[in-house]
Amino acid sequence: MNLLKIDRLCVRQGHGEVLHDVSLTLDPGEIVTVLGPNGSGKSTLLRAIVGAVEPAHGSITRKPGLKIGYVPQKLHIDPSLPMTVSRFLALPGRLSKSTVAEALAQADVPDLADRQMSKLSGGQFQRVLLARALIGKPELLLLDEATQSLDQPGSAAFYKRIEEVRDEIGCAILMVSHELHVVMSASDRVICLNGHVCCHGTPEVVASAPEYRQLFGSGTEGTLALYRHQHDHEHDHDHDNHHHDHAH
Amino acid sequence: MLDDFFTRAALAGIAVALAAAPLGCFVIWRRMAYFGDATAHAAILGIALALAFNIALPVGILASALAMGLAVSSLSRRGFSFDSALGVLAHGSLAAGLVAIVLLTDTRVDLAAYLFGDILAVRRVDLGVIWAGAAAVIALMLWRWSALLTVTLNPDLARASGIDPKREELIVILALALTVAVAIKVVGALLISAMLIIPAAAARMITSTPERMGLAAAAIGVTAVLTGLQAAFILDTPTGPTIVCAAAIIFTVSGVISRLLSASQN
């Protein structure tokens, strides 16, 4: 059974349609990346899955009782709000010390429990957000441009950690990014979004799709080369790869 | 014991300080200081209407404060330029209330009592209303504390945890209106914001978790009420403003203490 099935989703914001006719499914354990230019509706898609925006048409069917861990794009904590890492992880409930420690270890930041959120570096902050999303063993992890504030090595390390987490707890991951090369190397499937699904499939298929090149230019050849270089092992996933033809 | 006006004043002030502490934390964290002003100032209009139509004062105040809170929050949801809109509403409603009191009532109303409070004139029945309202605010805040905190951090994160941000916002607005209704007799419409903000801001500088900040704000608020009352008695000064002065002095002292502490750590 699919974890998530989105059928012809339309989302309106103000007078415009941010998303139209978006259909996709997510299976247990797979890493799917949503790529797209600014304003293409990537964040809106994740927010719709979480339930933060209502669909105008179409449906989002979650597996009954689906546990979702969500890492939002931005999280500004007002300096007037004192907040230790362990208190933040527990919200909106209370957690035992061992649960907090386990989640922090999983996100690779074991020593931060008593630090103030406002004193963390960008990388530490993102990993604490990841730790919070991992609490309660989610079956689906949603990451919205989780590495925006990180430098290149930092974000590469972050995505590597994500892949390891997937292997450890077996959750599916749907993430948004525009860092093509890092994302390409860590994904089973890529969805190219621009208000609608332009094309989707394995990273290789998407990177060579004309719709993708139209959005991102032809400078992405190098991305593909990097992808091939890093993924010369076999995947045991077998997904249908197809393009949708749309006039742009 | 309740026969003594000083004791009644102290009990009324303590109730307001305890209710204002947790709510004041959210007012600070959610940057609602102006929002608090607008709600409190609307109370003057509520008083004018209550006097004109012979409604119980707390009911009139509660209704007008609630109406203002809802109006402001619906404006913010429609994406108005918020700061200026709030400024217009806060000061516009205060001015309209002052004009309306003079126009609608023929008796000479003691405006200063509503603007700056009249804590020494708290009667037994007032004390009952104040404690009931304050208890309701404290219960609301305790009940919704974690959910409110999550929404304050990030509405989407709250959604993902099954919390409805709009509902929690309504709870803040309701608690704010209740606090205005019970605090007006104690510190007056103009200084309610001060009782919300100053103890919480002072508590911020010496605490490390939201819960400790709420508790410290309560302790600071109660201290300010008791020392302010004493000082007003000794110095023969207006009580509401003296209480707020005491809170401001505590704020300054805790600022200095936190500076010294962090300097000694580094």
# chains A, B, ... in the order shown; residues from 1 in each chain; ligands from 1
>>> interface_residues(of="chain B", to="chain A", cutoff="12 Å", atoms="only C-alpha atoms", output="PyMOL selection string")
chain B and resi 24-31+77-79+143-166+197+200-214
>>> write_last_selection(atoms="N, CA and C atoms", output="short mmCIF file (atom, residue, chain, number, x, y, z; two decimals), in the first residue's frame")
data_model
loop_
_atom_site.label_atom_id
_atom_site.label_comp_id
_atom_site.auth_asym_id
_atom_site.auth_seq_id
_atom_site.Cartn_x
_atom_site.Cartn_y
_atom_site.Cartn_z
N GLY B 24 1.18 37.24 29.41
CA GLY B 24 2.18 38.23 29.02
C GLY B 24 3.34 37.59 28.28
N CYS B 25 3.72 36.37 28.68
CA CYS B 25 4.78 35.66 27.95
C CYS B 25 4.39 35.48 26.50
N PHE B 26 3.15 35.05 26.25
CA PHE B 26 2.74 34.86 24.86
C PHE B 26 2.64 36.18 24.11
N VAL B 27 2.22 37.24 24.83
CA VAL B 27 2.15 38.56 24.20
C VAL B 27 3.55 38.96 23.71
N ILE B 28 4.57 38.67 24.52
CA ILE B 28 5.93 39.00 24.13
C ILE B 28 6.41 38.09 23.00
N TRP B 29 6.25 36.77 23.17
CA TRP B 29 6.75 35.83 22.18
C TRP B 29 6.09 36.01 20.82
N ARG B 30 4.80 36.32 20.83
CA ARG B 30 4.07 36.48 19.58
C ARG B 30 4.08 37.92 19.09
N ARG B 31 4.82 38.78 19.77
CA ARG B 31 4.93 40.19 19.41
C ARG B 31 3.56 40.85 19.29
N ARG B 77 -5.13 38.38 9.36
CA ARG B 77 -5.22 37.23 8.47
C ARG B 77 -5.38 37.67 7.02
N ARG B 78 -6.00 38.83 6.82
CA ARG B 78 -6.16 39.30 5.44
C ARG B 78 -4.93 40.05 4.96
N GLY B 79 -3.90 40.09 5.79
CA GLY B 79 -2.62 40.62 5.33
C GLY B 79 -2.57 42.13 5.24
N TRP B 143 -4.05 24.92 30.36
CA TRP B 143 -4.64 23.88 29.52
C TRP B 143 -4.03 23.90 28.12
N ARG B 144 -3.84 25.08 27.55
CA ARG B 144 -3.38 25.19 26.17
C ARG B 144 -1.89 25.48 26.06
N TRP B 145 -1.17 25.46 27.17
CA TRP B 145 0.22 25.93 27.19
C TRP B 145 1.07 25.32 26.07
N SER B 146 1.15 24.00 26.03
CA SER B 146 2.04 23.35 25.06
C SER B 146 1.58 23.58 23.62
N ALA B 147 0.27 23.51 23.41
CA ALA B 147 -0.25 23.73 22.06
C ALA B 147 0.06 25.16 21.61
N LEU B 148 -0.18 26.12 22.51
CA LEU B 148 0.09 27.52 22.19
C LEU B 148 1.57 27.75 21.90
N LEU B 149 2.40 27.09 22.68
CA LEU B 149 3.83 27.24 22.50
C LEU B 149 4.25 26.71 21.13
N THR B 150 3.68 25.59 20.73
CA THR B 150 4.00 25.01 19.42
C THR B 150 3.55 25.93 18.30
N VAL B 151 2.35 26.48 18.42
CA VAL B 151 1.86 27.41 17.39
C VAL B 151 2.74 28.65 17.33
N THR B 152 3.17 29.12 18.50
CA THR B 152 4.01 30.31 18.55
C THR B 152 5.35 30.06 17.84
N LEU B 153 5.89 28.86 18.00
CA LEU B 153 7.13 28.52 17.30
C LEU B 153 6.92 28.50 15.80
N ASN B 154 5.92 27.78 15.35
CA ASN B 154 5.69 27.66 13.92
C ASN B 154 4.32 27.04 13.66
N PRO B 155 3.43 27.76 12.99
CA PRO B 155 2.07 27.25 12.76
C PRO B 155 2.05 25.93 11.97
N ASP B 156 2.94 25.80 10.99
CA ASP B 156 2.94 24.56 10.20
C ASP B 156 3.37 23.37 11.04
N LEU B 157 4.36 23.61 11.89
CA LEU B 157 4.81 22.56 12.80
C LEU B 157 3.66 22.12 13.70
N ALA B 158 2.87 23.10 14.14
CA ALA B 158 1.72 22.80 14.98
C ALA B 158 0.71 21.95 14.22
N ARG B 159 0.43 22.36 12.98
CA ARG B 159 -0.47 21.57 12.12
C ARG B 159 -0.02 20.12 12.03
N ALA B 160 1.29 19.96 11.83
CA ALA B 160 1.83 18.60 11.68
C ALA B 160 1.62 17.80 12.96
N SER B 161 1.49 18.49 14.11
CA SER B 161 1.22 17.79 15.37
C SER B 161 -0.27 17.74 15.68
N GLY B 162 -1.10 18.11 14.72
CA GLY B 162 -2.54 18.02 14.92
C GLY B 162 -3.14 19.16 15.73
N ILE B 163 -2.45 20.31 15.77
CA ILE B 163 -2.96 21.47 16.51
C ILE B 163 -3.47 22.49 15.51
N ASP B 164 -4.63 23.07 15.79
CA ASP B 164 -5.20 24.07 14.89
C ASP B 164 -4.75 25.47 15.31
N PRO B 165 -3.87 26.13 14.54
CA PRO B 165 -3.34 27.43 14.95
C PRO B 165 -4.43 28.49 15.15
N LYS B 166 -5.49 28.45 14.33
CA LYS B 166 -6.54 29.45 14.46
C LYS B 166 -7.25 29.34 15.81
N ILE B 197 3.46 42.96 29.93
CA ILE B 197 4.76 42.90 29.27
C ILE B 197 5.94 42.99 30.23
N ALA B 200 6.96 39.78 32.33
CA ALA B 200 7.43 38.72 31.42
C ALA B 200 8.78 39.08 30.83
N ALA B 201 8.95 40.34 30.46
CA ALA B 201 10.23 40.77 29.87
C ALA B 201 11.35 40.68 30.91
N ALA B 202 11.02 41.02 32.15
CA ALA B 202 12.03 40.91 33.22
C ALA B 202 12.39 39.44 33.43
N ALA B 203 11.37 38.58 33.38
CA ALA B 203 11.60 37.14 33.60
C ALA B 203 12.45 36.55 32.48
N ARG B 204 12.29 37.07 31.27
CA ARG B 204 13.03 36.53 30.13
C ARG B 204 14.54 36.53 30.37
N MET B 205 15.00 37.60 31.03
CA MET B 205 16.44 37.79 31.14
C MET B 205 17.09 36.84 32.12
N ILE B 206 16.28 36.19 32.97
CA ILE B 206 16.89 35.34 33.98
C ILE B 206 16.42 33.90 33.90
N THR B 207 15.81 33.49 32.76
CA THR B 207 15.28 32.13 32.67
C THR B 207 15.70 31.46 31.36
N SER B 208 15.63 30.12 31.35
CA SER B 208 16.12 29.36 30.20
C SER B 208 15.06 28.51 29.52
N THR B 209 13.88 28.35 30.11
CA THR B 209 12.82 27.62 29.42
C THR B 209 11.53 28.44 29.50
N PRO B 210 10.60 28.17 28.59
CA PRO B 210 9.34 28.93 28.61
C PRO B 210 8.58 28.78 29.92
N GLU B 211 8.61 27.58 30.49
CA GLU B 211 7.87 27.35 31.74
C GLU B 211 8.45 28.19 32.87
N ARG B 212 9.79 28.19 32.97
CA ARG B 212 10.41 28.99 34.04
C ARG B 212 10.13 30.47 33.84
N MET B 213 10.08 30.89 32.58
CA MET B 213 9.79 32.30 32.32
C MET B 213 8.39 32.64 32.81
N GLY B 214 7.42 31.76 32.59
CA GLY B 214 6.05 31.99 33.06
C GLY B 214 6.00 32.10 34.58
#
>>> select_by_dssp(residues="stretch 17-262 of chain B", states="helix (DSSP H, G or I)", output="ChimeraX atom specification")
/B:17-29,33-53,57-77,82-104,111-116,119-121,124-153,155-160,165-183,192-204,210-235,239-262
>>> atom_distance(atom1="atom CA of B:Thr227", atom2="atom CA of B:Thr252")
15.3 Å
>>> closest_residue(among="B:Asp106, B:Gly188, B:Ala71, B:Ala21", to="B:Ala43", atoms="only C-alpha atoms")
B:Gly188
>>> select_by_dssp(residues="stretch 21-82 of chain A", states="strand (DSSP E or B)", output="MDAnalysis selection string")
chainID A and resid 21:26 31:35 57:62 68:71
>>> write_last_selection(atoms="all heavy atoms", output="short mmCIF file (atom, residue, chain, number, x, y, z; two decimals), in the first residue's frame")
data_model
loop_
_atom_site.label_atom_id
_atom_site.label_comp_id
_atom_site.auth_asym_id
_atom_site.auth_seq_id
_atom_site.Cartn_x
_atom_site.Cartn_y
_atom_site.Cartn_z
N ASP A 21 -3.31 20.05 -10.67
CA ASP A 21 -3.24 18.73 -11.27
C ASP A 21 -1.99 17.95 -10.86
O ASP A 21 -1.39 17.29 -11.69
CB ASP A 21 -3.25 18.88 -12.80
CG ASP A 21 -4.46 18.14 -13.37
OD1 ASP A 21 -5.21 17.56 -12.57
OD2 ASP A 21 -4.64 18.17 -14.59
N VAL A 22 -1.61 18.05 -9.60
CA VAL A 22 -0.43 17.32 -9.14
C VAL A 22 -0.85 15.95 -8.63
O VAL A 22 -1.68 15.84 -7.73
CB VAL A 22 0.29 18.09 -8.02
CG1 VAL A 22 1.42 17.25 -7.44
CG2 VAL A 22 0.83 19.41 -8.56
N SER A 23 -0.32 14.92 -9.24
CA SER A 23 -0.59 13.55 -8.79
C SER A 23 0.73 12.88 -8.49
O SER A 23 1.67 12.98 -9.28
CB SER A 23 -1.33 12.75 -9.86
OG SER A 23 -2.58 13.32 -10.14
N LEU A 24 0.82 12.22 -7.35
CA LEU A 24 2.00 11.43 -7.09
C LEU A 24 1.72 10.43 -5.97
O LEU A 24 0.78 10.59 -5.20
CB LEU A 24 3.21 12.30 -6.74
CG LEU A 24 3.17 13.17 -5.48
CD1 LEU A 24 3.86 12.46 -4.32
CD2 LEU A 24 3.90 14.47 -5.76
N THR A 25 2.53 9.39 -5.93
CA THR A 25 2.41 8.43 -4.83
C THR A 25 3.76 8.28 -4.17
O THR A 25 4.79 8.55 -4.78
CB THR A 25 1.97 7.04 -5.34
OG1 THR A 25 2.93 6.60 -6.30
CG2 THR A 25 0.60 7.09 -5.97
N LEU A 26 3.73 7.88 -2.91
CA LEU A 26 4.97 7.62 -2.18
C LEU A 26 4.89 6.24 -1.56
O LEU A 26 3.87 5.90 -0.94
CB LEU A 26 5.13 8.64 -1.05
CG LEU A 26 5.99 9.86 -1.31
CD1 LEU A 26 5.94 10.74 -0.09
CD2 LEU A 26 7.42 9.44 -1.60
N ILE A 31 13.24 7.57 -1.14
CA ILE A 31 13.62 8.98 -1.02
C ILE A 31 13.24 9.68 -2.31
O ILE A 31 13.73 9.33 -3.38
CB ILE A 31 15.12 9.14 -0.77
CG1 ILE A 31 15.53 8.46 0.55
CG2 ILE A 31 15.50 10.62 -0.72
CD1 ILE A 31 16.97 8.72 0.96
N VAL A 32 12.34 10.62 -2.21
CA VAL A 32 11.86 11.34 -3.38
C VAL A 32 12.17 12.82 -3.19
O VAL A 32 11.93 13.37 -2.13
CB VAL A 32 10.35 11.14 -3.58
CG1 VAL A 32 9.85 11.96 -4.76
CG2 VAL A 32 10.03 9.67 -3.77
N THR A 33 12.73 13.42 -4.22
CA THR A 33 13.07 14.83 -4.14
C THR A 33 12.18 15.64 -5.09
O THR A 33 11.94 15.22 -6.21
CB THR A 33 14.53 15.06 -4.53
OG1 THR A 33 15.35 14.35 -3.62
CG2 THR A 33 14.88 16.53 -4.47
N VAL A 34 11.69 16.76 -4.58
CA VAL A 34 10.92 17.67 -5.42
C VAL A 34 11.84 18.82 -5.80
O VAL A 34 12.37 19.52 -4.94
CB VAL A 34 9.69 18.21 -4.66
CG1 VAL A 34 8.90 19.14 -5.56
CG2 VAL A 34 8.82 17.07 -4.18
N LEU A 35 12.03 18.99 -7.09
CA LEU A 35 12.85 20.09 -7.60
C LEU A 35 11.95 21.09 -8.30
O LEU A 35 10.90 20.72 -8.81
CB LEU A 35 13.85 19.57 -8.64
CG LEU A 35 15.05 18.77 -8.17
CD1 LEU A 35 15.83 18.33 -9.40
CD2 LEU A 35 15.92 19.61 -7.28
N HIS A 57 -9.05 21.52 -5.12
CA HIS A 57 -9.60 20.30 -5.72
C HIS A 57 -8.65 19.17 -5.41
O HIS A 57 -7.54 19.38 -4.98
CB HIS A 57 -9.62 20.37 -7.26
CG HIS A 57 -10.42 21.48 -7.81
ND1 HIS A 57 -11.77 21.54 -7.71
CD2 HIS A 57 -10.03 22.58 -8.48
CE1 HIS A 57 -12.19 22.63 -8.31
NE2 HIS A 57 -11.15 23.29 -8.77
N GLY A 58 -9.09 17.98 -5.80
CA GLY A 58 -8.21 16.83 -5.72
C GLY A 58 -8.14 16.30 -4.30
O GLY A 58 -8.78 16.83 -3.39
N SER A 59 -7.36 15.26 -4.11
CA SER A 59 -7.34 14.63 -2.80
C SER A 59 -5.93 14.22 -2.41
O SER A 59 -5.08 13.99 -3.26
CB SER A 59 -8.25 13.41 -2.80
OG SER A 59 -7.73 12.44 -3.70
N ILE A 60 -5.71 14.20 -1.10
CA ILE A 60 -4.48 13.66 -0.54
C ILE A 60 -4.88 12.52 0.36
O ILE A 60 -5.57 12.73 1.37
CB ILE A 60 -3.73 14.73 0.27
CG1 ILE A 60 -3.38 15.91 -0.62
CG2 ILE A 60 -2.48 14.14 0.90
CD1 ILE A 60 -2.78 17.08 0.13
N THR A 61 -4.52 11.29 0.00
CA THR A 61 -4.89 10.15 0.81
C THR A 61 -3.67 9.64 1.55
O THR A 61 -2.69 9.24 0.93
CB THR A 61 -5.46 9.01 -0.07
OG1 THR A 61 -6.34 9.58 -1.03
CG2 THR A 61 -6.20 7.99 0.78
N ARG A 62 -3.72 9.73 2.90
CA ARG A 62 -2.62 9.22 3.69
C ARG A 62 -2.97 7.81 4.16
O ARG A 62 -4.14 7.53 4.41
CB ARG A 62 -2.36 10.09 4.91
CG ARG A 62 -2.05 11.54 4.58
CD ARG A 62 -2.06 12.41 5.84
NE ARG A 62 -2.04 13.82 5.47
CZ ARG A 62 -3.12 14.55 5.25
NH1 ARG A 62 -4.32 13.99 5.39
NH2 ARG A 62 -3.03 15.81 4.89
N ILE A 68 3.90 11.35 10.35
CA ILE A 68 4.69 12.25 9.53
C ILE A 68 5.64 13.05 10.40
O ILE A 68 5.25 13.60 11.43
CB ILE A 68 3.77 13.21 8.74
CG1 ILE A 68 2.89 12.42 7.77
CG2 ILE A 68 4.59 14.24 7.98
CD1 ILE A 68 1.96 13.28 6.94
N GLY A 69 6.90 13.10 10.02
CA GLY A 69 7.85 14.02 10.65
C GLY A 69 8.10 15.16 9.67
O GLY A 69 8.36 14.92 8.51
N TYR A 70 8.00 16.39 10.14
CA TYR A 70 8.04 17.53 9.22
C TYR A 70 9.15 18.50 9.63
O TYR A 70 9.22 18.92 10.78
CB TYR A 70 6.68 18.22 9.24
CG TYR A 70 6.58 19.51 8.45
CD1 TYR A 70 6.92 19.55 7.10
CD2 TYR A 70 6.12 20.67 9.05
CE1 TYR A 70 6.80 20.73 6.38
CE2 TYR A 70 6.00 21.85 8.34
CZ TYR A 70 6.33 21.87 7.01
OH TYR A 70 6.22 23.04 6.30
N VAL A 71 10.01 18.84 8.71
CA VAL A 71 11.04 19.85 8.93
C VAL A 71 10.70 21.05 8.05
O VAL A 71 10.87 20.99 6.84
CB VAL A 71 12.45 19.33 8.58
CG1 VAL A 71 13.49 20.41 8.80
CG2 VAL A 71 12.79 18.11 9.42
#
>>> atom_distance(atom1="atom CA of B:Ala132", atom2="atom CA of B:Ser93")
26.7 Å
>>> residues_around(residues="B:Val172", least_positions_apart="2", cutoff="10 Å", atoms="only C-alpha atoms", output="list in words")
Leu23, Phe26, Val27, Gly69, Val137, Leu140, Met141, Arg144, Leu148, Arg167, Glu168, Glu169, Leu170, Leu174, Ala175, Leu176, Ala177 and Leu178 of chain B
>>> closest_residue(among="B:Leu235, B:Val122, B:Leu51, B:Leu261", to="B:Ala183", atoms="only C-alpha atoms")
B:Val122
>>> decode(residues="stretch 242-266 of chain B", atoms="N, CA, C and O atoms", output="compact mmCIF listing (two decimals), in the first residue's frame")
# COMPACT_ATOMS: atom_id res chain seq x y z
N THR B 242 2.14 53.34 40.37
CA THR B 242 3.23 52.99 41.29
C THR B 242 3.58 51.50 41.15
O THR B 242 4.76 51.12 41.17
N ILE B 243 2.54 50.66 40.98
CA ILE B 243 2.79 49.22 40.77
C ILE B 243 3.61 49.01 39.50
O ILE B 243 4.57 48.24 39.46
N VAL B 244 3.22 49.73 38.45
CA VAL B 244 3.94 49.58 37.17
C VAL B 244 5.39 50.08 37.31
O VAL B 244 6.32 49.47 36.78
N CYS B 245 5.56 51.16 38.08
CA CYS B 245 6.93 51.63 38.33
C CYS B 245 7.74 50.57 39.04
O CYS B 245 8.91 50.33 38.70
N ALA B 246 7.14 49.91 40.03
CA ALA B 246 7.84 48.85 40.76
C ALA B 246 8.25 47.75 39.79
O ALA B 246 9.38 47.24 39.84
N ALA B 247 7.34 47.37 38.86
CA ALA B 247 7.66 46.34 37.88
C ALA B 247 8.82 46.79 36.99
O ALA B 247 9.73 46.00 36.69
N ALA B 248 8.80 48.05 36.59
CA ALA B 248 9.87 48.56 35.73
C ALA B 248 11.21 48.55 36.45
O ALA B 248 12.26 48.27 35.84
N ILE B 249 11.18 48.84 37.76
CA ILE B 249 12.44 48.80 38.53
C ILE B 249 12.96 47.37 38.60
O ILE B 249 14.16 47.12 38.40
N ILE B 250 12.05 46.41 38.83
CA ILE B 250 12.48 45.00 38.85
C ILE B 250 13.07 44.61 37.50
O ILE B 250 14.08 43.91 37.42
N PHE B 251 12.44 45.07 36.42
CA PHE B 251 12.95 44.80 35.07
C PHE B 251 14.39 45.28 34.94
O PHE B 251 15.27 44.56 34.47
N THR B 252 14.62 46.51 35.38
CA THR B 252 15.97 47.08 35.26
C THR B 252 16.97 46.28 36.09
O THR B 252 18.07 45.96 35.62
N VAL B 253 16.57 45.95 37.32
CA VAL B 253 17.47 45.20 38.20
C VAL B 253 17.79 43.83 37.59
O VAL B 253 18.95 43.40 37.55
N SER B 254 16.77 43.13 37.06
CA SER B 254 17.05 41.80 36.52
C SER B 254 17.88 41.90 35.24
O SER B 254 18.66 40.99 34.93
N GLY B 255 17.76 43.03 34.53
CA GLY B 255 18.63 43.26 33.38
C GLY B 255 20.08 43.36 33.81
O GLY B 255 20.97 42.74 33.22
N VAL B 256 20.31 44.13 34.87
CA VAL B 256 21.67 44.30 35.38
C VAL B 256 22.22 42.96 35.87
O VAL B 256 23.35 42.57 35.58
N ILE B 257 21.38 42.22 36.62
CA ILE B 257 21.82 40.92 37.14
C ILE B 257 22.21 39.98 36.01
O ILE B 257 23.26 39.32 36.05
N SER B 258 21.39 39.93 34.95
CA SER B 258 21.69 38.98 33.88
C SER B 258 22.97 39.40 33.14
O SER B 258 23.74 38.54 32.71
N ARG B 259 23.19 40.73 33.01
CA ARG B 259 24.44 41.20 32.42
C ARG B 259 25.65 40.74 33.23
O ARG B 259 26.62 40.22 32.71
N LEU B 260 25.53 40.95 34.56
CA LEU B 260 26.64 40.58 35.44
C LEU B 260 26.90 39.08 35.38
O LEU B 260 28.04 38.63 35.31
N LEU B 261 25.81 38.28 35.37
CA LEU B 261 25.95 36.83 35.32
C LEU B 261 26.66 36.40 34.04
O LEU B 261 27.59 35.60 34.06
N SER B 262 26.21 36.95 32.90
CA SER B 262 26.80 36.51 31.64
C SER B 262 28.23 37.03 31.52
O SER B 262 29.09 36.38 30.92
N ALA B 263 28.51 38.18 32.15
CA ALA B 263 29.89 38.69 32.12
C ALA B 263 30.81 37.80 32.95
O ALA B 263 31.95 37.55 32.59
N SER B 264 30.28 37.29 34.08
CA SER B 264 31.12 36.44 34.93
C SER B 264 31.34 35.07 34.32
O SER B 264 32.29 34.37 34.64
N GLN B 265 30.40 34.66 33.42
CA GLN B 265 30.56 33.37 32.76
C GLN B 265 31.60 33.43 31.65
O GLN B 265 32.27 32.43 31.36
N ASN B 266 31.71 34.57 31.00
CA ASN B 266 32.61 34.65 29.84
C ASN B 266 34.05 34.96 30.26
O ASN B 266 34.28 35.66 31.20
